[in-house]
Amino acid sequence: MHTGHWMLSARGAFDAVTTSLLSQALEAACQAGGRYIVVNCSEINFADVAFLRALLCHSHGARVVVAAPSPVVCRLLEATDTTHLLQATGGPGEAHGERTH
């Protein structure tokens, strides 16, 4: 991993109660000097605006990339017109400029 680059994996359901764990992980990455944070979202089966807020709040101090968004995450990003803000990519490797198979 490059200095300042972090990879997080999120799975399960994210709402106002459960998103705090993701927020803590994002905050820890920022506190440790993370300037580029990739969040693998391929295994998320529910996400609401609390999830989106956590990603966007931490994107001010770091570049947050949503990698491999599940259909649920894609719908949320599209419905809120925030796909471009979080640089959604097809997979975690693509987020770092690598080819995925």
# chains A, B, ... in the order shown; residues from 1 in each chain; ligands from 1
$ residues_around --residues "A:Pro71" --least-positions-apart "4" --cutoff "10 Å" --atoms "only C-alpha atoms" --output "ChimeraX atom specification"
/A:41-46,75-77
$ residues_around --residues "A:Arg35" --least-positions-apart "6" --cutoff "12 Å" --atoms "only C-alpha atoms" --output "PyMOL selection string"
chain A and resi 2-7+26-29+58-65
$ atom_distance --atom1 "atom CA of A:Ala10" --atom2 "atom CA of A:Val49"
15.3 Å
$ select_by_dssp --residues "chain A" --states "strand (DSSP E or B)" --output "ChimeraX atom specification"
/A:5-14,36-47,63-67,89
$ atom_distance --atom1 "atom CA of A:Phe51" --atom2 "atom CA of A:Pro69"
12.6 Å
$ closest_residue --among "A:Ala47, A:Thr82, A:Cys74, A:Ala67" --to "A:Thr19" --atoms "only C-alpha atoms"
A:Ala47
$ atom_distance --atom1 "atom CA of A:Thr89" --atom2 "atom CA of A:Ser23"
20.6 Å
$ select_by_dssp --residues "stretch 16-71 of chain A" --states "helix (DSSP H, G or I)" --output "PyMOL selection string"
chain A and resi 19-31+49-58+71
$ residues_around --residues "A:Asp48" --least-positions-apart "5" --cutoff "12 Å" --atoms "only C-alpha atoms" --output "ChimeraX atom specification"
/A:13-19,53-55,72-77,79-80
